[in-house]
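Report on the structure given below.
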Amino acid sequence: MDLLYRSTRNAEKTVTASQAILKGLAEDGGLFVPAYIPKLDVAMDELKDMTYQETAYVVMKQFLPDFTEEELKECIEKAYDDKFDTELIAPLVKVGDTYHLELFHGATIAFKDMALSILPHLLTTAARKNNVTKEIVILTATSGDTGKAALAGFADVLGTKIIVFYPKDGVSKVQELQMVTQKGKNTFVVAIHGNFDNAQSGVKALFEDQALKSALNEAGYQFSSANSINIGRLVPQVVYYVYAYAKLLQNGEIEKNERIHVTVPTGNFGNILAAYYAKQMGVPIDRLICASNENKVLYDFFRTGKYDRNRDFVLTSSPSMDILISSNLERLIYTIAGQDAEANAQLMEQLAREGEYEITPQMRERLQDFTGGYATEEETRQTIRDTYRSTGYVMDTHTAVAAHVCRDYREKTGDTTKVLIASTASPYKFVGSVMAAIGDSDGCGDELSMIGELERLSKVEVPKAIREIQDAEILHTRECDVDKMKDAVKEILKVEV
């Protein structure tokens with residue numbers, strides 16, 4: 001039986017995988033989820049000898065059954081090529097007593113490349129499969145990394161336009177420069193006067209705006225999303241957890257069927273949800289350790305069962321995690337509610353109305369796979385500094401949050417299970433914060449001027465992504481208030497509502 005997808009807020013209507021990718025968000029505001037999580041049909045003994053591309057096909061064919069073998073393999077080959085600076089695509093590095101899965105070797109030096117390198121190919125293939133003739137407008141909110149990765153992926157892709165909204169003062173200098181220097185006649189970047197949650201809520205509101213949808217339809221456009229709310233973003237992320245476990249086995253770091261923990265620096269919950277899906281597929285993962293920064297809404301949720309975004313929003317040195325509304329958590333809530341779309345919808349309505357909800361004791365029982373933890377700004381800095389001094393390894397701020405939470409969990413529990421840490425960004429992406437943490441700078445100067453010193457300390461060559469922006473022309477200067485996001489879209493697409 002082919003795997004179909006349904007909305008987390010309406011279990012009645014089903015769509016194919018390609019239709020779910022095209023739509024991005026369900027018409028009722030829910031997120032598309034697979035009717036069930038498929039099992040791996042290739043043994044780990046065989047997977048351990050596969051390339052990243054071969055592993056991607058094994059995993060993704062299970063989730064995308066209406067893509068032919070030829071279509072899916074072509075998407076994979078186009079995505080995971082020399083855009084990455086290593087043939088391994090996602091190398092494993094042993095740092096102290098943990099294993100770092102480096103997910104930042106793509107074109108924009110952040111983990112979002114792992115999925116956004118393939119999403120444009122999945123989307124355009126899905127459009128052909130469903131006889132779509134309208135131009136697809138990718139609408140995306142970013143806390144820093146998704147924006148650039150999506151812009152790079154969709155730049156000059158025929159039949160598409162992409163509009164990215166980001167918080168003006170909520171991203172690093174490098175992140176901002178990567179976006180505002182992006183080339184491509186179909187790329188548009190808008191800085192909003194607000195935070196990421198404002199941007200994300202604004203984008204969801206645009207998707208649900210029926211008058212705008214009608215006007216776009218008449219003008220020959222249709223919306224889709226490159227955020228992790230799109231199942232075409234989430235499925236490719238499952239791949240690297242399967243790949244990482246297989247490579248740990250191949251390298252002799254673990255025994256056959258040995259269980260490991262996975263620690264993920266978490267904001268919008270997509271990356272750790274992908275690890276949960278990998279576990280459901282049959283990967284021997286034990287605990288999923290959810291690492292938060294000082295915006296610790298997820299830590300509090302796993303500790304109490306109550307999700308409460310009614311709190312101060314904190315700007316931190318790990319801006320991609322500065323999020324109080326973790327959209328992908330809805331997919332997990334739907335699952336632990338027993339795939340009860342009505343119950344999930346009521347909780348999401350309560351979140352929108354009151355800014356909080358509380359799950360039932362029965363639902364909490366189904367969260368036993370997860371453990372939450374968080375790092376303060378000082379703990380994040382200390383982890384970068386201590387790791388560099390003891391091992392010579394330089395990590396970015398987001399990875400440092402995960403590394404601290406991992407160490408804290410081990411010290412409190414005495415658990416000696418081997419741990420995989422999702423290393424989500426290059427230290428070059430947050431050079432000011434990293435250099436300040438190591439102690440060679442106060443982090444207050446021009447970030448670009450510190451790049452040479454970071455190269456000397458880390459003994460890692462400056463990535464191409466950084467070299468490209470150092471003297472690049474600023475191409476995008478649009479800004480708007482949060483309540484003017486719709487006007488910005490209308491202006492860019494030249495539509496009247």
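Chain labels run A, B, ... following the order of the structure tokens; each chain numbers its residues from 1, and ligands are numbered from 1 in the order shown.
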In stretch 147-341 of chain A, what's strand (DSSP E) per DSSP? Answer as a tab-separated table (two decimals) with C-alpha atoms, in the first residue's frame?
chain	number	residue	atom	x	y	z
A	160	THR	CA	9.62	29.43	-9.12
A	161	LYS	CA	10.03	32.63	-7.13
A	162	ILE	CA	11.24	32.75	-3.53
A	163	ILE	CA	10.46	35.37	-0.87
A	164	VAL	CA	12.33	35.17	2.45
A	165	PHE	CA	11.41	37.12	5.60
A	166	TYR	CA	13.99	37.45	8.39
A	167	PRO	CA	14.16	39.41	11.69
A	187	THR	CA	14.95	35.81	-5.28
A	188	PHE	CA	13.50	38.37	-2.85
A	189	VAL	CA	14.56	39.11	0.73
A	190	VAL	CA	12.61	41.21	3.26
A	191	ALA	CA	13.85	42.23	6.72
A	192	ILE	CA	10.98	42.55	9.21
A	193	HIS	CA	10.93	44.76	12.30
A	221	TYR	CA	0.86	31.87	-8.86
A	222	GLN	CA	0.54	29.36	-6.05
A	223	PHE	CA	2.28	29.33	-2.66
A	224	SER	CA	4.54	26.61	-1.31
A	260	ILE	CA	22.94	5.42	20.95
A	261	HIS	CA	21.59	8.75	22.15
A	262	VAL	CA	21.18	11.70	19.80
A	263	THR	CA	21.51	15.32	20.97
A	264	VAL	CA	20.11	18.06	18.73
A	265	PRO	CA	20.23	21.87	19.19
A	285	ILE	CA	18.39	5.27	18.81
A	286	ASP	CA	17.61	5.34	22.53
A	287	ARG	CA	17.13	8.84	23.93
A	288	LEU	CA	16.50	12.00	21.92
A	289	ILE	CA	18.08	14.85	23.88
A	290	CYS	CA	16.45	18.16	22.97
A	291	ALA	CA	18.88	21.03	23.58
A	292	SER	CA	17.55	24.59	23.97
A	306	LYS	CA	2.87	22.46	29.32
A	307	TYR	CA	3.81	24.47	26.24
A	308	ASP	CA	3.86	28.17	27.09
Spatial neighbours of A:Met281, max dist 8 Å, only C-alpha atoms, sep filter under 4 positions, as a ChimeraX atom specification
/A:37-40,277
Can you tell me, as an MDAnalysis selection string, what residues are no more than 8 Å from A:Leu25 when counting only C-alpha atoms, ignoring any on the same chain fewer than 5 positions away?
chainID A and resid 20 30:32 207 224:225 229:230
Kindly save the residues from that selection, with C-alpha atoms included, as a short mmCIF file (atom, residue, chain, number, x, y, z; two decimals), in the first residue's frame.
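Produced file selection_31.cif, reproduced below:
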data_model
loop_
_atom_site.label_atom_id
_atom_site.label_comp_id
_atom_site.auth_asym_id
_atom_site.auth_seq_id
_atom_site.Cartn_x
_atom_site.Cartn_y
_atom_site.Cartn_z
CA ALA A 20 2.08 17.34 0.19
CA GLY A 30 -2.14 21.80 9.74
CA LEU A 31 1.12 20.13 8.77
CA PHE A 32 1.30 17.11 6.51
CA PHE A 207 -0.77 30.82 3.54
CA SER A 224 4.54 26.61 -1.31
CA SER A 225 7.00 26.58 1.57
CA ILE A 229 6.74 22.71 7.86
CA ASN A 230 7.13 21.28 4.32
#
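With only C-alpha atoms as the atoms that count, the minimum distance from A:Asp322 to the choices A:Ser143, A:Thr376, A:Ser214, A:Asn186 is reached by A:Ser143.
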Just list the residues in stretch 203-315 of chain A DSSP gives alpha helix (DSSP H) on the backbone, as an MDAnalysis selection string.
chainID A and resid 203:208 210:219 231:250 270:281 297:304
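Minimum atom-to-atom distance to A:Gly439, evaluated using only C-alpha atoms, belongs to A:Ile384 out of A:Ile384, A:Ala150, A:Ala343, A:Val238.
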With only C-alpha atoms counted and 10 Å as the cut-off, give the residues of stretch 162-251 of chain A in contact with stretch 460-471 of chain A, each with its shortest interatomic distance in Å and the pair that gives it, as a Markdown table.
| residue | atom | partner | partner_atom | distance |
| --- | --- | --- | --- | --- |
| A:Val174 | CA | A:Ile466 | CA | 7.8 |
| A:Gln175 | CA | A:Ile466 | CA | 9.9 |
| A:Leu177 | CA | A:Ile469 | CA | 6.5 |
| A:Gln178 | CA | A:Ile469 | CA | 6.3 |
| A:Met179 | CA | A:Ile469 | CA | 9.5 |
| A:Val180 | CA | A:Ile469 | CA | 9.5 |
| A:Thr181 | CA | A:Ile469 | CA | 7.0 |
| A:Gln182 | CA | A:Ile469 | CA | 9.1 |
How would the residues just picked look written out with all heavy atoms as an mmCIF file, in the first residue's frame?
data_model
loop_
_atom_site.group_PDB
_atom_site.id
_atom_site.type_symbol
_atom_site.label_atom_id
_atom_site.label_comp_id
_atom_site.auth_asym_id
_atom_site.auth_seq_id
_atom_site.Cartn_x
_atom_site.Cartn_y
_atom_site.Cartn_z
ATOM 1 N N VAL A 174 27.059 37.538 9.371
ATOM 2 C CA VAL A 174 27.326 36.633 8.247
ATOM 3 C C VAL A 174 26.021 36.113 7.665
ATOM 4 O O VAL A 174 25.840 36.077 6.445
ATOM 5 C CB VAL A 174 28.244 35.469 8.688
ATOM 6 C CG1 VAL A 174 28.293 34.383 7.607
ATOM 7 C CG2 VAL A 174 29.646 35.984 8.974
ATOM 8 N N GLN A 175 25.088 35.704 8.526
ATOM 9 C CA GLN A 175 23.796 35.215 8.036
ATOM 10 C C GLN A 175 23.094 36.280 7.192
ATOM 11 O O GLN A 175 22.557 35.994 6.117
ATOM 12 C CB GLN A 175 22.898 34.811 9.209
ATOM 13 C CG GLN A 175 23.294 33.512 9.877
ATOM 14 C CD GLN A 175 22.426 33.215 11.084
ATOM 15 O OE1 GLN A 175 22.202 34.074 11.934
ATOM 16 N NE2 GLN A 175 21.927 32.001 11.170
ATOM 17 N N LEU A 177 24.419 38.922 5.616
ATOM 18 C CA LEU A 177 25.139 39.162 4.361
ATOM 19 C C LEU A 177 24.902 38.044 3.354
ATOM 20 O O LEU A 177 24.783 38.287 2.152
ATOM 21 C CB LEU A 177 26.634 39.307 4.635
ATOM 22 C CG LEU A 177 27.110 40.678 5.121
ATOM 23 C CD1 LEU A 177 28.583 40.632 5.508
ATOM 24 C CD2 LEU A 177 26.871 41.744 4.047
ATOM 25 N N GLN A 178 24.827 36.817 3.829
ATOM 26 C CA GLN A 178 24.566 35.706 2.917
ATOM 27 C C GLN A 178 23.235 35.883 2.203
ATOM 28 O O GLN A 178 23.109 35.553 1.020
ATOM 29 C CB GLN A 178 24.579 34.374 3.680
ATOM 30 C CG GLN A 178 25.977 33.887 4.024
ATOM 31 C CD GLN A 178 25.936 32.495 4.608
ATOM 32 O OE1 GLN A 178 25.225 32.230 5.582
ATOM 33 N NE2 GLN A 178 26.683 31.589 4.028
ATOM 34 N N MET A 179 22.237 36.402 2.917
ATOM 35 C CA MET A 179 20.912 36.573 2.303
ATOM 36 C C MET A 179 20.849 37.797 1.403
ATOM 37 O O MET A 179 20.377 37.716 0.260
ATOM 38 C CB MET A 179 19.841 36.661 3.402
ATOM 39 C CG MET A 179 19.572 35.334 4.074
ATOM 40 S SD MET A 179 18.176 35.375 5.242
ATOM 41 C CE MET A 179 18.939 36.133 6.665
ATOM 42 N N VAL A 180 21.318 38.938 1.899
ATOM 43 C CA VAL A 180 21.111 40.189 1.143
ATOM 44 C C VAL A 180 22.034 40.322 -0.063
ATOM 45 O O VAL A 180 21.845 41.210 -0.900
ATOM 46 C CB VAL A 180 21.244 41.432 2.053
ATOM 47 C CG1 VAL A 180 20.192 41.396 3.147
ATOM 48 C CG2 VAL A 180 22.649 41.569 2.630
ATOM 49 N N THR A 181 23.011 39.420 -0.193
ATOM 50 C CA THR A 181 23.872 39.422 -1.383
ATOM 51 C C THR A 181 23.489 38.317 -2.374
ATOM 52 O O THR A 181 24.167 38.126 -3.378
ATOM 53 C CB THR A 181 25.353 39.242 -0.990
ATOM 54 O OG1 THR A 181 25.511 37.986 -0.306
ATOM 55 C CG2 THR A 181 25.836 40.378 -0.093
ATOM 56 N N GLN A 182 22.404 37.611 -2.095
ATOM 57 C CA GLN A 182 22.002 36.487 -2.937
ATOM 58 C C GLN A 182 21.606 36.942 -4.345
ATOM 59 O O GLN A 182 20.769 37.815 -4.524
ATOM 60 C CB GLN A 182 20.807 35.744 -2.309
ATOM 61 C CG GLN A 182 20.248 34.624 -3.165
ATOM 62 C CD GLN A 182 21.225 33.486 -3.362
ATOM 63 O OE1 GLN A 182 21.773 32.980 -2.389
ATOM 64 N NE2 GLN A 182 21.450 33.091 -4.604
#
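Atom CA of A:Ala275 is found 13.0 Å from atom CA of A:Leu329.
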Listing only residues of stretch 14-33 of chain A within 10 Å of stretch 58-76 of chain A, what is the closest atom pair and its distance in Å (to one decimal) for each, using only C-alpha atoms, sorted by chain and residue number ascending, as JSON lines?
{"residue": "A:Thr16", "atom": "CA", "partner": "A:Asp66", "partner_atom": "CA", "distance": 7.0}
{"residue": "A:Ala17", "atom": "CA", "partner": "A:Leu64", "partner_atom": "CA", "distance": 5.4}
{"residue": "A:Ser18", "atom": "CA", "partner": "A:Asp66", "partner_atom": "CA", "distance": 6.9}
{"residue": "A:Gln19", "atom": "CA", "partner": "A:Asp66", "partner_atom": "CA", "distance": 9.7}
{"residue": "A:Ile21", "atom": "CA", "partner": "A:Leu64", "partner_atom": "CA", "distance": 9.8}
